[in-house]
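Worksheet for the structure shown next.
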Amino acid sequence: MVRKRKRRLEEEAEEEVEDKGPSTRTARTIRLTSHENHRSHSQLTIFENVGSCGPAGRVWDAAIILSEYILNHFGEHGMKGMRVIELGSGTGLVGILCAKLGASVVLTDKCFALPLMQANAMENAADSMARGDITVQELLWGQKLSKSLLRDRMNLIVASDVVGCGDEALFPPLLKTLRQLCSPETTILMAYKPRARFERMFFDSVLESFCVSRVWNRLLPSDCYTETFSAPVDVFEIRLRTEKSSREEGANFDFRTSYPDAIFEE
């Protein structure tokens, strides 16, 4: 089952390579609109390169939905002064938006994705008067954090489709990294598009250490699809469980009831 899901992601990336050629970088315009104030919007130019980066080199539905939520929740200048880290950044779309809204952002992924993230950060650097600074660095889940990440505690962690990577072996190191980065004041915003039943095991483990609430559920318009499998994307707000919080407080979202077997693409 895991291999099937992982192979499907690789096949979609391979199809794009066949269409566009190996190591071809293409530009895509992402326009995000506030649903409460339609005059408030943000436009970003994001380079994709599946030839060099595989699945990490394309913009996925969950990244667009999480970016929309952040724009709607924080507003055009609402992240000024915040420290944000994006896990599994890929193209860097979500983190770059946070910087445009004023945050100081660290984009992270494996080393092969760093040049693409850097190119996207530079492409969008001059687009906003309120922009914060962006740094790009490698971060392997489960390994020791760099001194800078340990020193500069984050206000916000953002991640999209990190659970839908097709490999459940990555769940424990991802959880370890989340615990390392979190303080009681840290918020995690995670966008999740359900694809495989085994992904529920990750959220079972999350509830042991974190309190979870679903804050948004959105389906991209049909003309915005980036994937062959269309399904609504959930955005979760996740906070570290403290001594004062009980397991019941963190279990307000029931993953197994909300994600029955029938909704998965398998």
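FYI, nothing fancy with the structure tokens labels: chains A, B, ... in order, residues from 1 per chain, ligands from 1 as they appear.
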Hey, which bits of region 135-172 of chain A sit within 12 Å of region 82-98 of chain A, and for each residue what's the closest pair of atoms and how far apart in Å (one decimal), counting only C-alpha atoms, rows by chain and increasing number, as JSON lines?
{"residue": "A:Thr135", "atom": "CA", "partner": "A:Ile85", "partner_atom": "CA", "distance": 9.6}
{"residue": "A:Val136", "atom": "CA", "partner": "A:Gly92", "partner_atom": "CA", "distance": 9.3}
{"residue": "A:Gln137", "atom": "CA", "partner": "A:Ser89", "partner_atom": "CA", "distance": 10.3}
{"residue": "A:Glu138", "atom": "CA", "partner": "A:Gly88", "partner_atom": "CA", "distance": 9.7}
{"residue": "A:Leu139", "atom": "CA", "partner": "A:Leu87", "partner_atom": "CA", "distance": 8.0}
{"residue": "A:Leu140", "atom": "CA", "partner": "A:Gly88", "partner_atom": "CA", "distance": 9.1}
{"residue": "A:Trp141", "atom": "CA", "partner": "A:Leu87", "partner_atom": "CA", "distance": 8.7}
{"residue": "A:Gly142", "atom": "CA", "partner": "A:Leu87", "partner_atom": "CA", "distance": 12.0}
{"residue": "A:Ser148", "atom": "CA", "partner": "A:Ile85", "partner_atom": "CA", "distance": 11.8}
{"residue": "A:Leu149", "atom": "CA", "partner": "A:Ile85", "partner_atom": "CA", "distance": 9.1}
{"residue": "A:Arg151", "atom": "CA", "partner": "A:Arg83", "partner_atom": "CA", "distance": 11.8}
{"residue": "A:Asp152", "atom": "CA", "partner": "A:Arg83", "partner_atom": "CA", "distance": 8.0}
{"residue": "A:Arg153", "atom": "CA", "partner": "A:Arg83", "partner_atom": "CA", "distance": 7.5}
{"residue": "A:Met154", "atom": "CA", "partner": "A:Arg83", "partner_atom": "CA", "distance": 5.0}
{"residue": "A:Asn155", "atom": "CA", "partner": "A:Arg83", "partner_atom": "CA", "distance": 5.3}
{"residue": "A:Leu156", "atom": "CA", "partner": "A:Val84", "partner_atom": "CA", "distance": 4.8}
{"residue": "A:Ile157", "atom": "CA", "partner": "A:Ile85", "partner_atom": "CA", "distance": 5.0}
{"residue": "A:Val158", "atom": "CA", "partner": "A:Glu86", "partner_atom": "CA", "distance": 4.8}
{"residue": "A:Ala159", "atom": "CA", "partner": "A:Leu87", "partner_atom": "CA", "distance": 5.2}
{"residue": "A:Ser160", "atom": "CA", "partner": "A:Gly88", "partner_atom": "CA", "distance": 7.6}
{"residue": "A:Asp161", "atom": "CA", "partner": "A:Gly88", "partner_atom": "CA", "distance": 8.3}
{"residue": "A:Val162", "atom": "CA", "partner": "A:Gly88", "partner_atom": "CA", "distance": 6.3}
{"residue": "A:Val163", "atom": "CA", "partner": "A:Gly88", "partner_atom": "CA", "distance": 10.0}
{"residue": "A:Gly164", "atom": "CA", "partner": "A:Gly88", "partner_atom": "CA", "distance": 11.2}
{"residue": "A:Cys165", "atom": "CA", "partner": "A:Gly88", "partner_atom": "CA", "distance": 9.9}
{"residue": "A:Leu170", "atom": "CA", "partner": "A:Gly88", "partner_atom": "CA", "distance": 11.6}
Take the residues from that selection and write them out as a PDB file, in the first residue's frame, keeping N, CA and C atoms.
ATOM      1  N   THR A 135      15.387  32.689   4.759  1.00  0.00           N
ATOM      2  CA  THR A 135      16.594  31.885   4.676  1.00  0.00           C
ATOM      3  C   THR A 135      16.206  30.473   4.257  1.00  0.00           C
ATOM      4  N   VAL A 136      17.126  29.796   3.606  1.00  0.00           N
ATOM      5  CA  VAL A 136      16.896  28.448   3.088  1.00  0.00           C
ATOM      6  C   VAL A 136      17.954  27.527   3.680  1.00  0.00           C
ATOM      7  N   GLN A 137      17.533  26.411   4.242  1.00  0.00           N
ATOM      8  CA  GLN A 137      18.510  25.478   4.788  1.00  0.00           C
ATOM      9  C   GLN A 137      17.985  24.049   4.765  1.00  0.00           C
ATOM     10  N   GLU A 138      18.919  23.125   4.735  1.00  0.00           N
ATOM     11  CA  GLU A 138      18.546  21.712   4.757  1.00  0.00           C
ATOM     12  C   GLU A 138      18.103  21.319   6.162  1.00  0.00           C
ATOM     13  N   LEU A 139      17.052  20.534   6.227  1.00  0.00           N
ATOM     14  CA  LEU A 139      16.588  19.986   7.500  1.00  0.00           C
ATOM     15  C   LEU A 139      16.069  18.581   7.252  1.00  0.00           C
ATOM     16  N   LEU A 140      16.752  17.608   7.830  1.00  0.00           N
ATOM     17  CA  LEU A 140      16.340  16.215   7.727  1.00  0.00           C
ATOM     18  C   LEU A 140      15.571  15.858   8.990  1.00  0.00           C
ATOM     19  N   TRP A 141      14.342  15.423   8.826  1.00  0.00           N
ATOM     20  CA  TRP A 141      13.489  15.133   9.969  1.00  0.00           C
ATOM     21  C   TRP A 141      14.115  14.066  10.862  1.00  0.00           C
ATOM     22  N   GLY A 142      14.000  14.313  12.160  1.00  0.00           N
ATOM     23  CA  GLY A 142      14.490  13.356  13.130  1.00  0.00           C
ATOM     24  C   GLY A 142      15.925  13.569  13.557  1.00  0.00           C
ATOM     25  N   SER A 148      21.023  27.581  15.091  1.00  0.00           N
ATOM     26  CA  SER A 148      20.161  28.737  14.837  1.00  0.00           C
ATOM     27  C   SER A 148      18.699  28.398  15.095  1.00  0.00           C
ATOM     28  N   LEU A 149      18.283  27.191  14.722  1.00  0.00           N
ATOM     29  CA  LEU A 149      16.897  26.797  14.958  1.00  0.00           C
ATOM     30  C   LEU A 149      16.625  26.572  16.435  1.00  0.00           C
ATOM     31  N   ARG A 151      18.162  28.211  18.782  1.00  0.00           N
ATOM     32  CA  ARG A 151      18.251  29.526  19.428  1.00  0.00           C
ATOM     33  C   ARG A 151      17.006  30.364  19.158  1.00  0.00           C
ATOM     34  N   ASP A 152      16.542  30.352  17.926  1.00  0.00           N
ATOM     35  CA  ASP A 152      15.424  31.207  17.530  1.00  0.00           C
ATOM     36  C   ASP A 152      14.127  30.409  17.532  1.00  0.00           C
ATOM     37  N   ARG A 153      13.431  30.413  18.646  1.00  0.00           N
ATOM     38  CA  ARG A 153      12.176  29.675  18.747  1.00  0.00           C
ATOM     39  C   ARG A 153      11.139  30.235  17.773  1.00  0.00           C
ATOM     40  N   MET A 154      10.399  29.345  17.145  1.00  0.00           N
ATOM     41  CA  MET A 154       9.446  29.733  16.122  1.00  0.00           C
ATOM     42  C   MET A 154       8.072  30.017  16.724  1.00  0.00           C
ATOM     43  N   ASN A 155       7.414  31.047  16.195  1.00  0.00           N
ATOM     44  CA  ASN A 155       6.019  31.299  16.548  1.00  0.00           C
ATOM     45  C   ASN A 155       5.082  30.360  15.797  1.00  0.00           C
ATOM     46  N   LEU A 156       5.494  30.018  14.557  1.00  0.00           N
ATOM     47  CA  LEU A 156       4.607  29.249  13.692  1.00  0.00           C
ATOM     48  C   LEU A 156       5.408  28.255  12.860  1.00  0.00           C
ATOM     49  N   ILE A 157       4.885  27.036  12.775  1.00  0.00           N
ATOM     50  CA  ILE A 157       5.416  26.002  11.885  1.00  0.00           C
ATOM     51  C   ILE A 157       4.352  25.732  10.834  1.00  0.00           C
ATOM     52  N   VAL A 158       4.729  25.757   9.567  1.00  0.00           N
ATOM     53  CA  VAL A 158       3.771  25.464   8.499  1.00  0.00           C
ATOM     54  C   VAL A 158       4.263  24.252   7.718  1.00  0.00           C
ATOM     55  N   ALA A 159       3.314  23.436   7.279  1.00  0.00           N
ATOM     56  CA  ALA A 159       3.656  22.229   6.528  1.00  0.00           C
ATOM     57  C   ALA A 159       2.451  21.804   5.712  1.00  0.00           C
ATOM     58  N   SER A 160       2.678  21.411   4.471  1.00  0.00           N
ATOM     59  CA  SER A 160       1.597  20.936   3.616  1.00  0.00           C
ATOM     60  C   SER A 160       2.016  19.639   2.937  1.00  0.00           C
ATOM     61  N   ASP A 161       1.124  18.672   2.966  1.00  0.00           N
ATOM     62  CA  ASP A 161       1.345  17.374   2.318  1.00  0.00           C
ATOM     63  C   ASP A 161       2.561  16.624   2.847  1.00  0.00           C
ATOM     64  N   VAL A 162       3.002  16.921   4.040  1.00  0.00           N
ATOM     65  CA  VAL A 162       4.135  16.183   4.596  1.00  0.00           C
ATOM     66  C   VAL A 162       3.732  14.776   5.022  1.00  0.00           C
ATOM     67  N   VAL A 163       2.423  14.566   5.242  1.00  0.00           N
ATOM     68  CA  VAL A 163       1.935  13.234   5.599  1.00  0.00           C
ATOM     69  C   VAL A 163       1.687  12.407   4.348  1.00  0.00           C
ATOM     70  N   GLY A 164       1.364  13.057   3.235  1.00  0.00           N
ATOM     71  CA  GLY A 164       1.063  12.347   2.004  1.00  0.00           C
ATOM     72  C   GLY A 164       2.282  12.032   1.167  1.00  0.00           C
ATOM     73  N   CYS A 165       3.409  11.756   1.815  1.00  0.00           N
ATOM     74  CA  CYS A 165       4.662  11.502   1.103  1.00  0.00           C
ATOM     75  C   CYS A 165       4.786  10.062   0.632  1.00  0.00           C
ATOM     76  N   LEU A 170       8.607   7.795   7.571  1.00  0.00           N
ATOM     77  CA  LEU A 170       8.961   9.191   7.850  1.00  0.00           C
ATOM     78  C   LEU A 170       8.126   9.797   8.973  1.00  0.00           C
TER      79      LEU A 170
END
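Proximity to Lys80 (chain A) was assessed for A:Arg179, A:Phe253, A:Gly132, A:Gln118 counting only C-alpha atoms; the smallest distance is recorded for A:Gly132.
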Distance of CA of Gln180 (chain A) from CA of Lys147 (chain A), expressed in Å to one decimal place: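 So the answer is 12.1 Å.
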Interatomic distance, CA of Leu150 (chain A) to CA of Phe210 (chain A) (Å, one decimal): 19.8 Å
Helix (DSSP H, G or I) call set, DSSP backbone run, region 35-167 of chain A, as an MDAnalysis selection string: chainID A and resid 50:57 61:74 93:100 111:123 147:151
DSSP strand (DSSP E) residues within region 88-206 of chain A, listed as a ChimeraX atom specification: /A:104-109,134-138,156-160,187-192
Å distance separating CA of His41 (chain A) from CA of Asp133 (chain A), one decimal place: 20.2 Å
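Distance check against Met190 (chain A) using only C-alpha atoms: of A:Ser67, A:Thr26, A:Ser104, A:Ser34, the minimum falls on A:Ser67.
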Counting only C-alpha atoms, the residue of A:Trp60, A:Ser213, A:Ile134, A:Arg256 that sits nearest Glu237 (chain A):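 So, comparing all the options, the nearest one is A:Ser213.
Between Ser146 (chain A) and the candidates A:Gln43, A:Asn124, A:Thr108, A:Thr29, the tightest atom-to-atom separation, counting only C-alpha atoms, involves A:Thr108.
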Who sits within 12 Å of Leu71 (chain A), only C-alpha atoms, same chain under 4 positions skipped, as an MDAnalysis selection string: chainID A and resid 31:38 40:43 64:67 75:79 94:102
